[in-house]
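K.L.:
The structure file coords19.cif (mmCIF, C-alpha atoms and all ligand atoms) is provided below.
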data_my_file
#
loop_
_atom_site.label_atom_id
_atom_site.label_comp_id
_atom_site.auth_asym_id
_atom_site.auth_seq_id
_atom_site.Cartn_x
_atom_site.Cartn_y
_atom_site.Cartn_z
CA MET A 11 0.00 0.00 0.00
CA GLN A 12 1.23 3.51 -0.75
CA PRO A 13 1.82 5.64 2.33
CA ALA A 14 -0.47 8.65 2.58
CA ALA A 15 1.78 11.56 1.57
CA HIS A 16 0.97 13.55 4.68
CA ALA A 17 0.93 10.73 7.28
CA ALA A 18 3.12 11.57 10.27
CA LYS A 19 5.92 9.00 10.21
CA PHE A 20 6.85 6.82 13.14
CA ASP A 21 10.37 7.51 14.42
CA THR A 22 10.66 4.14 16.20
CA PRO A 23 11.13 0.65 14.72
CA VAL A 24 7.45 -0.08 14.23
CA ALA A 25 6.62 -3.25 12.24
CA GLU A 26 6.56 -2.85 8.46
CA ARG A 27 2.84 -3.48 8.22
CA PHE A 28 2.05 -0.30 10.17
CA ARG A 29 4.70 2.03 8.76
CA SER A 30 2.61 3.55 6.01
CA PHE A 31 -0.18 4.50 8.38
CA GLY A 32 1.70 6.88 10.64
CA LYS A 33 -0.05 8.05 13.76
CA SER A 34 -3.84 8.15 13.96
CA ILE A 35 -5.26 11.43 12.68
CA PHE A 36 -7.87 11.33 15.45
CA ALA A 37 -5.26 11.29 18.21
CA GLU A 38 -3.27 13.98 16.40
CA MET A 39 -6.15 16.41 15.85
CA THR A 40 -7.60 15.88 19.33
CA ALA A 41 -4.18 16.69 20.85
CA LEU A 42 -3.88 19.78 18.62
CA ALA A 43 -7.39 20.87 19.64
CA ALA A 44 -6.47 20.55 23.33
CA ALA A 45 -3.20 22.47 22.85
CA HIS A 46 -5.04 25.38 21.20
CA LYS A 47 -8.23 25.20 23.29
CA ALA A 48 -10.17 24.64 20.09
CA VAL A 49 -13.75 23.33 20.04
CA ASN A 50 -13.07 19.75 19.00
CA LEU A 51 -15.21 18.88 15.98
CA SER A 52 -12.52 16.47 14.74
CA GLN A 53 -12.82 13.12 16.53
CA GLY A 54 -16.43 11.87 16.67
CA PHE A 55 -17.36 11.62 20.33
CA PRO A 56 -20.21 13.36 22.17
CA ASP A 57 -19.51 15.90 24.94
CA PHE A 58 -22.38 14.54 27.03
CA ASP A 59 -23.27 11.33 28.79
CA GLY A 60 -25.32 8.46 27.42
CA PRO A 61 -28.62 7.35 28.99
CA ALA A 62 -28.74 7.19 32.80
CA ILE A 63 -30.27 3.71 32.63
CA ALA A 64 -27.07 2.35 31.08
CA ARG A 65 -24.83 3.96 33.69
CA GLU A 66 -27.05 2.74 36.54
CA ALA A 67 -27.02 -0.82 35.17
CA ALA A 68 -23.21 -0.77 34.79
CA ILE A 69 -22.78 0.56 38.35
CA ALA A 70 -25.19 -2.08 39.66
CA ALA A 71 -23.17 -4.74 37.81
CA LEU A 72 -19.95 -3.50 39.43
CA ASN A 73 -21.56 -3.54 42.86
CA ALA A 74 -22.98 -6.99 42.21
CA GLY A 75 -19.50 -8.39 41.64
CA HIS A 76 -19.50 -8.70 37.83
CA SER A 77 -15.80 -8.00 37.66
CA GLN A 78 -14.30 -11.18 36.23
CA TYR A 79 -13.85 -12.24 32.60
CA ALA A 80 -17.02 -12.35 30.59
CA ARG A 81 -17.79 -15.36 28.42
CA MET A 82 -15.69 -15.24 25.25
CA ILE A 83 -18.69 -14.72 22.96
CA GLY A 84 -20.45 -12.27 25.31
CA VAL A 85 -22.53 -12.13 28.50
CA PRO A 86 -25.49 -14.39 27.54
CA ALA A 87 -28.15 -11.77 28.30
CA LEU A 88 -26.34 -9.27 26.04
CA ASN A 89 -26.17 -11.72 23.13
CA GLN A 90 -29.93 -12.16 23.64
CA ALA A 91 -30.60 -8.39 23.78
CA ILE A 92 -28.62 -7.88 20.53
CA ALA A 93 -30.61 -10.65 18.83
CA ARG A 94 -33.90 -9.11 20.08
CA ARG A 95 -32.90 -5.70 18.69
CA TRP A 96 -32.05 -7.24 15.30
CA ALA A 97 -35.48 -8.93 15.22
CA ARG A 98 -37.27 -5.73 16.35
CA ALA A 99 -35.67 -3.91 13.40
CA GLY A 100 -37.44 -6.40 11.12
CA ARG A 101 -34.25 -8.21 10.10
CA GLY A 102 -35.40 -11.68 11.18
CA GLU A 103 -34.97 -14.06 14.10
CA ILE A 104 -31.38 -14.97 14.91
CA ASP A 105 -29.73 -17.30 17.40
CA PRO A 106 -27.93 -15.30 20.11
CA GLU A 107 -25.46 -18.11 20.75
CA ALA A 108 -24.67 -19.16 17.19
CA HIS A 109 -24.84 -15.80 15.41
CA VAL A 110 -23.90 -13.03 17.87
CA THR A 111 -20.39 -12.30 19.16
CA VAL A 112 -19.79 -9.44 21.59
CA THR A 113 -16.56 -7.54 20.90
CA ALA A 114 -14.57 -4.64 22.37
CA GLY A 115 -16.40 -2.02 20.32
CA CYS A 116 -17.01 -2.21 16.61
CA SER A 117 -13.30 -1.45 16.20
CA GLU A 118 -12.33 -4.85 17.49
CA ALA A 119 -15.13 -6.46 15.49
CA ILE A 120 -13.62 -4.97 12.31
CA GLY A 121 -10.19 -6.35 13.23
CA ALA A 122 -11.57 -9.77 14.18
CA ALA A 123 -13.65 -10.04 10.99
CA LEU A 124 -10.75 -9.11 8.70
CA VAL A 125 -8.00 -11.03 10.50
CA GLY A 126 -10.28 -14.03 11.05
CA LEU A 127 -11.45 -14.17 7.43
CA LEU A 128 -8.64 -13.00 5.17
CA ASN A 129 -5.46 -14.79 4.16
CA PRO A 130 -2.31 -12.98 3.07
CA GLY A 131 -2.74 -11.83 -0.53
CA ASP A 132 -6.54 -11.88 -0.44
CA GLU A 133 -8.12 -8.71 -1.78
CA VAL A 134 -10.69 -6.67 0.11
CA ILE A 135 -12.76 -3.95 -1.57
CA ILE A 136 -13.12 -0.73 0.40
CA PHE A 137 -15.04 2.43 -0.49
CA GLU A 138 -12.96 5.57 -0.06
CA PRO A 139 -13.14 7.81 1.91
CA TYR A 140 -13.13 5.12 4.60
CA PHE A 141 -12.92 4.66 8.35
CA ASP A 142 -9.18 4.22 8.76
CA PHE A 143 -9.43 0.92 10.64
CA TYR A 144 -10.33 -0.88 7.41
CA THR A 145 -7.00 -0.44 5.69
CA ALA A 146 -5.00 -0.90 8.91
CA CYS A 147 -6.82 -4.12 9.82
CA ALA A 148 -6.51 -5.36 6.23
CA ALA A 149 -2.76 -4.79 6.58
CA MET A 150 -2.74 -6.80 9.84
CA ALA A 151 -4.33 -9.65 7.88
CA GLY A 152 -1.78 -9.27 5.07
CA ALA A 153 -4.67 -8.52 2.70
CA VAL A 154 -4.61 -6.11 -0.23
CA PRO A 155 -7.15 -3.25 -0.32
CA ARG A 156 -8.79 -2.27 -3.60
CA VAL A 157 -10.66 0.99 -3.46
CA VAL A 158 -13.84 2.25 -5.05
CA THR A 159 -14.20 6.03 -4.79
CA LEU A 160 -17.26 7.83 -3.45
CA HIS A 161 -17.47 11.13 -5.34
CA PRO A 162 -19.05 14.24 -3.89
CA PRO A 163 -22.11 15.67 -5.62
CA ALA A 164 -21.26 18.94 -7.32
CA ALA A 165 -22.92 22.16 -6.21
CA GLY A 166 -26.34 22.26 -7.86
CA GLY A 167 -26.59 18.47 -7.80
CA GLN A 168 -24.56 17.62 -10.92
CA ALA A 169 -22.44 14.50 -10.55
CA MET A 170 -18.77 15.36 -10.55
CA GLY A 171 -16.39 13.40 -12.68
CA GLY A 172 -17.96 13.73 -16.11
CA ARG A 173 -18.73 10.47 -17.89
CA ALA A 174 -18.76 8.10 -14.93
CA VAL A 175 -22.15 6.55 -14.23
CA PRO A 176 -23.44 6.66 -10.66
CA ALA A 177 -24.37 3.14 -9.58
CA GLY A 178 -27.99 2.40 -8.74
CA SER A 179 -29.35 5.68 -10.07
CA SER A 180 -31.26 6.50 -13.21
CA SER A 181 -30.09 10.09 -12.89
CA SER A 182 -26.60 11.40 -13.54
CA ALA A 183 -27.10 14.08 -10.91
CA PRO A 184 -27.18 12.48 -7.45
CA ALA A 185 -27.50 14.79 -4.45
CA HIS A 186 -25.35 12.47 -2.37
CA PHE A 187 -21.90 10.89 -2.59
CA TRP A 188 -21.93 8.32 -5.39
CA PHE A 189 -19.70 5.66 -6.95
CA ASP A 190 -19.10 4.63 -10.50
CA GLU A 191 -20.63 1.23 -11.25
CA SER A 192 -17.84 0.25 -13.62
CA GLN A 193 -15.18 1.00 -10.98
CA LEU A 194 -17.00 -1.26 -8.54
CA ARG A 195 -17.33 -4.07 -11.11
CA ALA A 196 -13.64 -3.79 -11.99
CA ALA A 197 -12.65 -3.99 -8.32
CA PHE A 198 -13.91 -7.61 -8.14
CA THR A 199 -11.09 -9.94 -9.19
CA PRO A 200 -10.43 -13.67 -8.71
CA ARG A 201 -8.53 -12.72 -5.51
CA THR A 202 -11.40 -10.76 -3.93
CA ARG A 203 -12.46 -12.37 -0.67
CA ALA A 204 -14.46 -9.55 0.97
CA ILE A 205 -16.00 -6.12 0.50
CA ILE A 206 -16.49 -3.66 3.35
CA ILE A 207 -19.67 -1.63 3.24
CA ASN A 208 -20.15 1.15 5.76
CA THR A 209 -23.72 2.40 5.76
CA PRO A 210 -24.64 4.94 7.08
CA HIS A 211 -21.26 6.17 5.96
CA ASN A 212 -18.49 7.93 7.86
CA PRO A 213 -17.28 10.50 6.79
CA THR A 214 -19.78 11.49 4.08
CA GLY A 215 -23.17 11.02 5.81
CA LYS A 216 -24.27 8.93 2.83
CA VAL A 217 -26.88 6.18 3.28
CA PHE A 218 -26.36 3.46 0.66
CA SER A 219 -29.59 3.06 -1.33
CA ARG A 220 -31.35 -0.24 -1.90
CA ALA A 221 -30.29 -0.15 -5.57
CA GLU A 222 -26.64 0.36 -4.63
CA LEU A 223 -26.79 -2.46 -2.08
CA GLU A 224 -28.51 -4.75 -4.58
CA LEU A 225 -25.71 -4.15 -7.06
CA ILE A 226 -23.11 -4.95 -4.39
CA ALA A 227 -25.10 -8.03 -3.34
CA THR A 228 -25.29 -9.32 -6.92
CA LEU A 229 -21.54 -8.91 -7.37
CA CYS A 230 -20.82 -10.62 -4.03
CA GLN A 231 -22.88 -13.61 -5.12
CA GLN A 232 -21.38 -13.73 -8.62
CA HIS A 233 -17.82 -13.63 -7.26
CA ASN A 234 -18.37 -15.59 -4.04
CA VAL A 235 -17.34 -12.64 -1.87
CA VAL A 236 -18.16 -11.99 1.79
CA ALA A 237 -19.78 -8.65 2.72
CA ILE A 238 -18.53 -7.06 5.92
CA SER A 239 -21.13 -4.45 6.78
CA ASP A 240 -20.17 -1.81 9.34
CA GLU A 241 -23.46 -0.36 10.58
CA VAL A 242 -22.37 1.56 13.70
CA TYR A 243 -24.48 4.56 12.62
CA GLU A 244 -27.54 2.39 11.82
CA HIS A 245 -29.86 4.49 14.02
CA LEU A 246 -28.50 7.94 13.17
CA THR A 247 -30.40 8.68 9.96
CA PHE A 248 -32.17 12.00 9.39
CA ASP A 249 -34.17 11.55 6.19
CA ALA A 250 -37.15 9.17 6.03
CA ALA A 251 -36.66 8.92 2.25
CA GLN A 252 -33.23 7.37 2.85
CA PRO A 253 -33.74 4.57 5.37
CA HIS A 254 -30.90 2.41 6.59
CA ILE A 255 -30.90 -1.06 4.99
CA SER A 256 -28.77 -3.94 6.26
CA ILE A 257 -27.27 -5.75 3.28
CA ALA A 258 -27.65 -9.03 5.24
CA THR A 259 -31.43 -8.75 4.71
CA LEU A 260 -31.20 -8.76 0.90
CA PRO A 261 -31.95 -12.08 -0.85
CA GLY A 262 -29.01 -14.48 -0.74
CA MET A 263 -26.92 -12.23 1.55
CA TRP A 264 -27.44 -13.56 5.10
CA GLU A 265 -25.17 -16.54 4.35
CA ARG A 266 -22.32 -14.27 3.16
CA THR A 267 -22.55 -11.22 5.43
CA ILE A 268 -20.86 -10.25 8.69
CA THR A 269 -22.79 -7.31 10.16
CA LEU A 270 -20.97 -5.16 12.70
CA SER A 271 -22.30 -2.55 15.08
CA SER A 272 -21.86 -1.14 18.58
CA LEU A 273 -23.32 0.83 21.44
CA GLY A 274 -21.04 3.83 21.05
CA LYS A 275 -22.72 6.02 18.43
CA THR A 276 -26.33 5.03 19.09
CA PHE A 277 -26.21 5.65 22.83
CA SER A 278 -23.40 8.22 23.12
CA LEU A 279 -21.22 5.69 24.94
CA THR A 280 -18.14 5.64 22.74
CA GLY A 281 -15.81 4.98 25.69
CA TRP A 282 -17.63 1.84 26.77
CA LYS A 283 -16.30 -0.13 23.80
CA VAL A 284 -19.17 -2.59 23.56
CA GLY A 285 -19.66 -3.85 20.02
CA TRP A 286 -20.76 -6.98 18.23
CA SER A 287 -20.85 -9.02 15.06
CA ILE A 288 -23.85 -10.86 13.67
CA ALA A 289 -23.19 -13.58 11.10
CA PRO A 290 -24.09 -17.14 10.13
CA PRO A 291 -22.11 -19.85 11.97
CA ALA A 292 -19.37 -20.31 9.35
CA LEU A 293 -18.54 -16.58 9.35
CA THR A 294 -19.06 -16.26 13.10
CA ALA A 295 -16.35 -18.91 13.43
CA CYS A 296 -13.93 -16.57 11.59
CA VAL A 297 -14.75 -13.65 13.88
CA ARG A 298 -14.42 -15.75 17.03
CA ALA A 299 -11.17 -17.39 15.86
CA ALA A 300 -9.52 -13.95 15.95
CA HIS A 301 -11.55 -12.38 18.79
CA GLN A 302 -10.51 -15.05 21.31
CA PHE A 303 -6.85 -14.11 20.79
CA MET A 304 -7.32 -10.35 20.41
CA VAL A 305 -9.12 -9.54 23.65
CA PHE A 306 -10.79 -12.88 24.54
CA SER A 307 -13.82 -11.00 25.90
CA GLY A 308 -15.17 -7.47 26.33
CA SER A 309 -15.51 -5.64 29.66
CA THR A 310 -18.01 -7.47 31.89
CA PRO A 311 -19.72 -4.58 33.76
CA MET A 312 -20.09 -2.57 30.57
CA GLN A 313 -21.79 -5.52 28.89
CA HIS A 314 -24.31 -5.56 31.75
CA GLY A 315 -24.92 -1.83 31.27
CA ALA A 316 -25.45 -2.42 27.56
CA ILE A 317 -28.22 -4.98 28.16
CA ALA A 318 -30.36 -2.36 29.92
CA VAL A 319 -30.11 0.22 27.18
CA LEU A 320 -30.50 -2.06 24.16
CA ASP A 321 -34.00 -3.01 25.25
CA SER A 322 -35.26 0.39 26.36
CA GLY A 323 -33.24 3.07 24.61
CA ASP A 324 -35.53 4.02 21.72
CA GLU A 325 -36.70 7.29 23.29
CA TYR A 326 -33.09 8.28 23.85
CA ILE A 327 -32.30 7.65 20.19
CA ALA A 328 -35.25 9.80 19.05
CA GLY A 329 -34.00 12.76 21.15
CA LEU A 330 -30.44 12.28 19.93
CA LYS A 331 -31.50 12.37 16.29
CA GLU A 332 -33.37 15.63 16.87
CA LEU A 333 -30.29 17.21 18.46
CA TYR A 334 -27.97 15.99 15.71
CA ALA A 335 -30.25 17.10 12.87
CA ALA A 336 -30.45 20.61 14.39
CA ASN A 337 -26.66 20.66 14.90
CA ARG A 338 -26.11 19.58 11.32
CA ASP A 339 -28.34 22.36 10.01
CA MET A 340 -26.69 25.02 12.17
CA LEU A 341 -23.20 23.92 11.12
CA SER A 342 -24.13 23.61 7.43
CA ASP A 343 -25.61 27.15 7.39
CA THR A 344 -22.56 28.57 9.16
CA LEU A 345 -20.09 26.90 6.81
CA ARG A 346 -22.02 28.14 3.77
CA GLN A 347 -21.96 31.67 5.17
CA CYS A 348 -18.19 31.29 5.54
CA GLY A 349 -17.85 30.43 1.84
CA LEU A 350 -17.49 26.63 1.94
CA THR A 351 -19.48 24.26 -0.25
CA VAL A 352 -21.34 21.94 2.11
CA PHE A 353 -22.33 18.46 0.95
CA PRO A 354 -25.63 17.17 2.36
CA SER A 355 -25.28 14.75 5.27
CA TYR A 356 -28.21 12.36 5.61
CA SER A 357 -26.90 10.35 8.54
CA THR A 358 -24.12 9.69 11.07
CA TYR A 359 -22.83 12.77 12.89
CA PHE A 360 -20.40 13.99 10.27
CA LEU A 361 -20.53 16.30 7.33
CA MET A 362 -18.08 17.02 4.57
CA ALA A 363 -17.47 20.39 2.95
CA ASP A 364 -15.23 21.74 0.20
CA HIS A 365 -12.89 24.49 1.44
CA THR A 366 -11.20 25.41 -1.85
CA ALA A 367 -13.00 28.78 -2.20
CA LEU A 368 -11.07 29.94 0.88
CA GLY A 369 -7.72 29.48 -0.82
CA TYR A 370 -5.84 26.95 1.34
CA GLU A 371 -3.42 24.64 -0.45
CA SER A 372 -4.61 21.43 1.23
CA ASP A 373 -7.03 19.96 3.72
CA ARG A 374 -4.22 19.70 6.25
CA ALA A 375 -3.27 23.38 5.86
CA PHE A 376 -6.91 24.36 6.25
CA CYS A 377 -7.46 22.17 9.33
CA GLU A 378 -4.30 23.47 10.99
CA HIS A 379 -5.43 27.05 10.41
CA LEU A 380 -8.91 26.21 11.72
CA THR A 381 -7.56 24.63 14.89
CA LYS A 382 -4.77 27.08 15.70
CA SER A 383 -6.27 30.41 14.57
CA VAL A 384 -10.05 29.96 14.40
CA GLY A 385 -10.34 27.70 17.47
CA VAL A 386 -12.32 24.87 15.86
CA ALA A 387 -10.73 21.48 15.13
CA ALA A 388 -11.77 19.35 12.13
CA ILE A 389 -10.33 16.37 10.26
CA PRO A 390 -8.39 16.59 6.97
CA PRO A 391 -10.08 13.79 5.01
CA SER A 392 -7.25 12.98 2.59
CA VAL A 393 -6.13 10.43 5.21
CA PHE A 394 -9.31 8.48 4.38
CA TYR A 395 -8.32 7.92 0.73
CA LEU A 396 -5.80 5.59 -0.88
CA THR A 397 -6.02 7.37 -4.23
CA SER A 398 -3.35 10.04 -4.27
CA GLY A 399 -4.65 13.62 -4.25
CA MET A 400 -8.20 12.72 -3.26
CA GLY A 401 -9.72 14.54 -0.30
CA LYS A 402 -7.36 17.49 -0.23
CA ASP A 403 -10.20 19.90 -1.12
CA LEU A 404 -12.39 18.58 1.68
CA VAL A 405 -12.82 18.94 5.43
CA ARG A 406 -14.81 16.73 7.83
CA PHE A 407 -16.68 18.15 10.82
CA ALA A 408 -18.34 16.14 13.61
CA PHE A 409 -21.59 17.54 15.01
CA CYS A 410 -22.16 15.11 17.91
CA LYS A 411 -21.97 17.84 20.54
CA LYS A 412 -24.28 19.77 22.86
CA ALA A 413 -26.18 22.58 21.11
CA GLU A 414 -24.18 25.16 23.11
CA THR A 415 -20.88 23.61 21.99
CA MET A 416 -22.04 23.78 18.38
CA ARG A 417 -23.13 27.43 18.85
CA GLU A 418 -19.68 28.30 20.22
CA ALA A 419 -18.02 26.50 17.28
CA CYS A 420 -20.26 28.29 14.78
CA ASP A 421 -19.59 31.70 16.38
CA ARG A 422 -15.85 31.06 16.14
CA LEU A 423 -16.15 29.94 12.51
CA LYS A 424 -18.11 33.07 11.59
CA ARG A 425 -15.63 35.36 13.36
CA GLY A 426 -12.54 33.55 12.10
CA LEU A 427 -13.47 32.65 8.53
CA THR A 428 -15.90 35.26 7.27
CA ARG A 429 -14.06 37.59 5.00
C1 LIG B 501 -17.49 3.63 10.59
C2 LIG B 501 -17.02 3.32 11.96
N1 LIG B 501 -16.90 2.04 12.33
C3 LIG B 501 -16.47 1.70 13.55
C4 LIG B 501 -16.14 2.66 14.49
C5 LIG B 501 -15.64 2.24 15.82
O1 LIG B 501 -16.68 1.86 16.64
P1 LIG B 501 -16.46 1.62 18.21
O2 LIG B 501 -16.33 2.96 18.85
O3 LIG B 501 -17.67 0.88 18.64
O4 LIG B 501 -15.23 0.82 18.36
C6 LIG B 501 -16.26 4.00 14.14
C7 LIG B 501 -15.87 5.05 15.11
O5 LIG B 501 -15.64 6.18 14.78
C8 LIG B 501 -16.72 4.34 12.86
O6 LIG B 501 -16.87 5.61 12.48
#
Let me see whether you can do it: turn the structure in this file into structure tokens.
Ligand SMILES: Cc1ncc(COP(=O)(O)O)c(C=O)c1O
P.N.:
Amino acid sequence: MQPAAHAAKFDTPVAERFRSFGKSIFAEMTALAAAHKAVNLSQGFPDFDGPAIAREAAIAALNAGHSQYARMIGVPALNQAIARRWARAGRGEIDPEAHVTVTAGCSEAIGAALVGLLNPGDEVIIFEPYFDFYTACAAMAGAVPRVVTLHPPAAGGQAMGGRAVPAGSSSSAPAHFWFDESQLRAAFTPRTRAIIINTPHNPTGKVFSRAELELIATLCQQHNVVAISDEVYEHLTFDAAQPHISIATLPGMWERTITLSSLGKTFSLTGWKVGWSIAPPALTACVRAAHQFMVFSGSTPMQHGAIAVLDSGDEYIAGLKELYAANRDMLSDTLRQCGLTVFPSYSTYFLMADHTALGYESDRAFCEHLTKSVGVAAIPPSVFYLTSGMGKDLVRFAFCKKAETMREACDRLKRGLTR
């Protein structure tokens, strides 16, 4: 894999497989935000607590002596609660013991799925921009990433990129990030073992449409490829016309899909690191083969806290979506007033914008200026692309903060960026 041109290099003898990745951009930007007392809209974590019911259940578990190793595949009642939630979402009845594995956040689930499934030299298809764990965990498995690019919609809704045909759309003018069908088809080779789908998508806020997922599903079946579907933002969608669809529910896909999710985004509990995979037994065996030697089991008291909120957290989610939709609108308006082109975000708690009208030479230069001089930290998204030069016109903001934090960030942006 080519190193990202801007990745901060390690100055210690780190293993070859990690050299090209440098240090995590999230740790870097969060440290820079702290050093400059910037409002941190870079790393995606809320500045408020998750539901009280979860905390109370975790405290009760600690006081009840649940402090020893959990079962390798998860505390039984949590596996059951995850299976119930899957069924309540209309995705079908699953077996909590045979299909559900509790992991240390979705992060570990990604690692376990890739390391447990892929052999050295296998290819894995990844949409760029991507959550950076995908390429790093593929490298841990010795697998080779092949990317398919998600292109931003142009201002006014015209598809950027000229002749390319957006997959799953009869129109050539999508209002959301889109990919070229022929690039996706070409990415499938005899070496392809898996494709990672992340819907709703970080960092673009795209929700993959049924037509797009059907195309991916058809190709997976034609080429005997496993779908690894990262759905950590499954509940954070803002547009009823763009519902979240799990690819595992499409015809012929349950048998070849590993679905991943977690508590962190849905319940504002990112530090709890409770995640899971859902898959048929043969693919669950891959996840567990790696999981048992990565962490063996997730934190026991936190798993008990998770049980409480998975069954009764729907009201919390409704309130959270309202807050995030309002935050998104406030931030989008502010960035437009400051001269950026804002791409619509239909989900997650991120939005992407184009900063080129402001005259900075790169996303990194713009984000450094934002953090040090404007007092708002954001992420330079070129680190989420393998294709050289992609992402340098863009900036990613997180809006998973209290309304007052967002107001402070927007005030700073208006003062610092408005010409
Ligand atoms: C797409 C995606 N997948 C997985 C994760 C990690 O999830 P967790 O915090 O549950 O480990 C994140 C966190 O930012 C994410 O954005």
K.L.:
When distances are computed from all atoms listed in the file, which of A:Ala289, A:Ala336, A:Cys230, A:Leu279 shows the smallest separation from Pro261 of chain A?
P.N.:
A:Cys230
K.L.:
Excluding Met263 of chain A and any residue of its chain fewer than 6 positions from it, enumerate the residues within 12 Å of it, using only C-alpha atoms, and give them as a PyMOL selection string.
P.N.:
chain A and resi 101+223-232+234-239+256-257+269+289-290
K.L.:
Can you work out which residues are within 6 Å of ligand LIG 501 (chain B), considering all atoms listed in the file, and then hand them over as an MDAnalysis selection string?
P.N.:
chainID A and resid 115:117 141 212 240 242 272 274 280 283 285
K.L.:
Just the selected residues (C-alpha atoms), exported as a PDB file, in the frame of the given file, please.
P.N.:
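And here is the file that came out, part32.pdb:
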ATOM      1  CA  GLY A 115     -16.400  -2.020  20.320  1.00  0.00           C
ATOM      2  CA  CYS A 116     -17.010  -2.210  16.610  1.00  0.00           C
ATOM      3  CA  SER A 117     -13.300  -1.450  16.200  1.00  0.00           C
ATOM      4  CA  PHE A 141     -12.920   4.660   8.350  1.00  0.00           C
ATOM      5  CA  ASN A 212     -18.490   7.930   7.860  1.00  0.00           C
ATOM      6  CA  ASP A 240     -20.170  -1.810   9.340  1.00  0.00           C
ATOM      7  CA  VAL A 242     -22.370   1.560  13.700  1.00  0.00           C
ATOM      8  CA  SER A 272     -21.860  -1.140  18.580  1.00  0.00           C
ATOM      9  CA  GLY A 274     -21.040   3.830  21.050  1.00  0.00           C
ATOM     10  CA  THR A 280     -18.140   5.640  22.740  1.00  0.00           C
ATOM     11  CA  LYS A 283     -16.300  -0.130  23.800  1.00  0.00           C
ATOM     12  CA  GLY A 285     -19.660  -3.850  20.020  1.00  0.00           C
TER      13      GLY A 285
END
K.L.:
Which is closest to Thr351 of chain A among A:Pro291, A:Pro200, A:Pro391, A:Pro162, if we use only C-alpha atoms?
P.N.:
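Smallest distance to Thr351 of chain A is found for A:Pro162.
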K.L.:
Considering all atoms listed in the file, return as a count of residues only whatever protein or nucleic-acid residues lie within 9 Å of Lys47 of chain A, sequence-local ones (same chain, fewer than 4 positions apart) excluded.
P.N.:
6
K.L.:
Between atom CA of Ile83 of chain A and atom CA of Leu273 of chain A, what distance in Å does the model show, to one decimal?
P.N.:
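About the pair atom CA of Ile83 of chain A and atom CA of Leu273 of chain A: they are 16.3 Å apart.
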K.L.:
Return the single residue from A:Val134, A:Cys420, A:Ala146, A:Ala316 that is closest to Val85 of chain A, with distances computed using all atoms listed in the file.
P.N.:
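Looking only at the distances to Val85 of chain A, the closest residue turns out to be A:Ala316.
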K.L.:
Pick out the closest residue to His211 of chain A from this set: A:Pro176, A:Pro139, A:Gly369, A:Pro354. Count all atoms listed in the file.
P.N.:
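Distance minimum relative to His211 of chain A lands on A:Pro139.
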K.L.:
Please indicate the distance in Å from atom CA of Ala74 of chain A to atom CA of Met312 of chain A, rounded to one decimal place.
P.N.:
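Separation of atom CA of Ala74 of chain A and atom CA of Met312 of chain A: 12.8 Å.
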K.L.:
Find the spatial neighbours of Pro155 of chain A, counting only C-alpha atoms, within a cut-off of 9 Å - ignore same-chain residues fewer than 3 positions away - and output them as a compact mmCIF listing (two decimals) with C-alpha atoms, in the frame of the given file.
P.N.:
# COMPACT_ATOMS: atom_id res chain seq x y z
CA MET A 11 0.00 0.00 0.00
CA ASP A 132 -6.54 -11.88 -0.44
CA GLU A 133 -8.12 -8.71 -1.78
CA VAL A 134 -10.69 -6.67 0.11
CA ILE A 135 -12.76 -3.95 -1.57
CA ILE A 136 -13.12 -0.73 0.40
CA TYR A 144 -10.33 -0.88 7.41
CA THR A 145 -7.00 -0.44 5.69
CA ALA A 148 -6.51 -5.36 6.23
CA ALA A 149 -2.76 -4.79 6.58
CA LEU A 396 -5.80 5.59 -0.88
K.L.:
Ile104 of chain A: which residues within 12 Å, counting all atoms listed in the file, same-chain residues fewer than 4 positions away excluded, as number ranges by chain?
P.N.:
A: 89-100, 108-110, 258-259, 264, 288-291
K.L.:
Using all atoms listed in the file, what residues lie at most 8 Å away from (-5.4, 8.4, 4.5) (file coordinates), given as a list in words?
P.N.:
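Counting all atoms listed in the file, I find these residues within 8 Å of (-5.4, 8.4, 4.5): Ala14, Ala17, Phe31, Asp142, Pro391, Ser392, Val393, Phe394, Tyr395 and Leu396 of chain A.
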K.L.:
Please return, as a PyMOL selection string, all polymer residues that have at least one atom within 9 Å of the point (-14.5, -12.9, 10.7); use all atoms listed in the file and the file's own coordinate frame.
P.N.:
chain A and resi 119-128+238+268+287+289+292-301
K.L.:
Which distance in Å separates atom CA of Ala151 of chain A and atom CA of Phe198 of chain A, to one decimal?
P.N.:
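Separating atom CA of Ala151 of chain A from atom CA of Phe198 of chain A is a distance of 18.8 Å.
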K.L.:
Residues of segment 261-336 of chain A that have any atom at most 7 Å from an atom of segment 243-252 of chain A: could you tabulate them with the shortest-distance atom pair and the distance in Å to one decimal, using all atoms listed in the file, ordered by chain and increasing number, as CSV?
P.N.:
residue,atom,partner,partner_atom,distance
A:Lys275,CA,A:Tyr243,CA,6.2
A:Thr276,CA,A:His245,CA,6.2
A:Lys331,CA,A:Leu246,CA,6.2
A:Ala335,CA,A:Phe248,CA,6.5
K.L.:
Quick one: of A:Lys411, A:His76, A:Arg406, A:Arg220, who's nearest to Leu330 of chain A, counting only C-alpha atoms?
P.N.:
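Closest to Leu330 of chain A, using only C-alpha atoms: A:Lys411.
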K.L.:
Counting all atoms listed in the file, figure out which residue out of A:Thr428, A:Leu320, A:Asp339, A:Tyr334 gets nearest to Leu368 of chain A.
P.N.:
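Of all the options, A:Thr428 lies closest to Leu368 of chain A.
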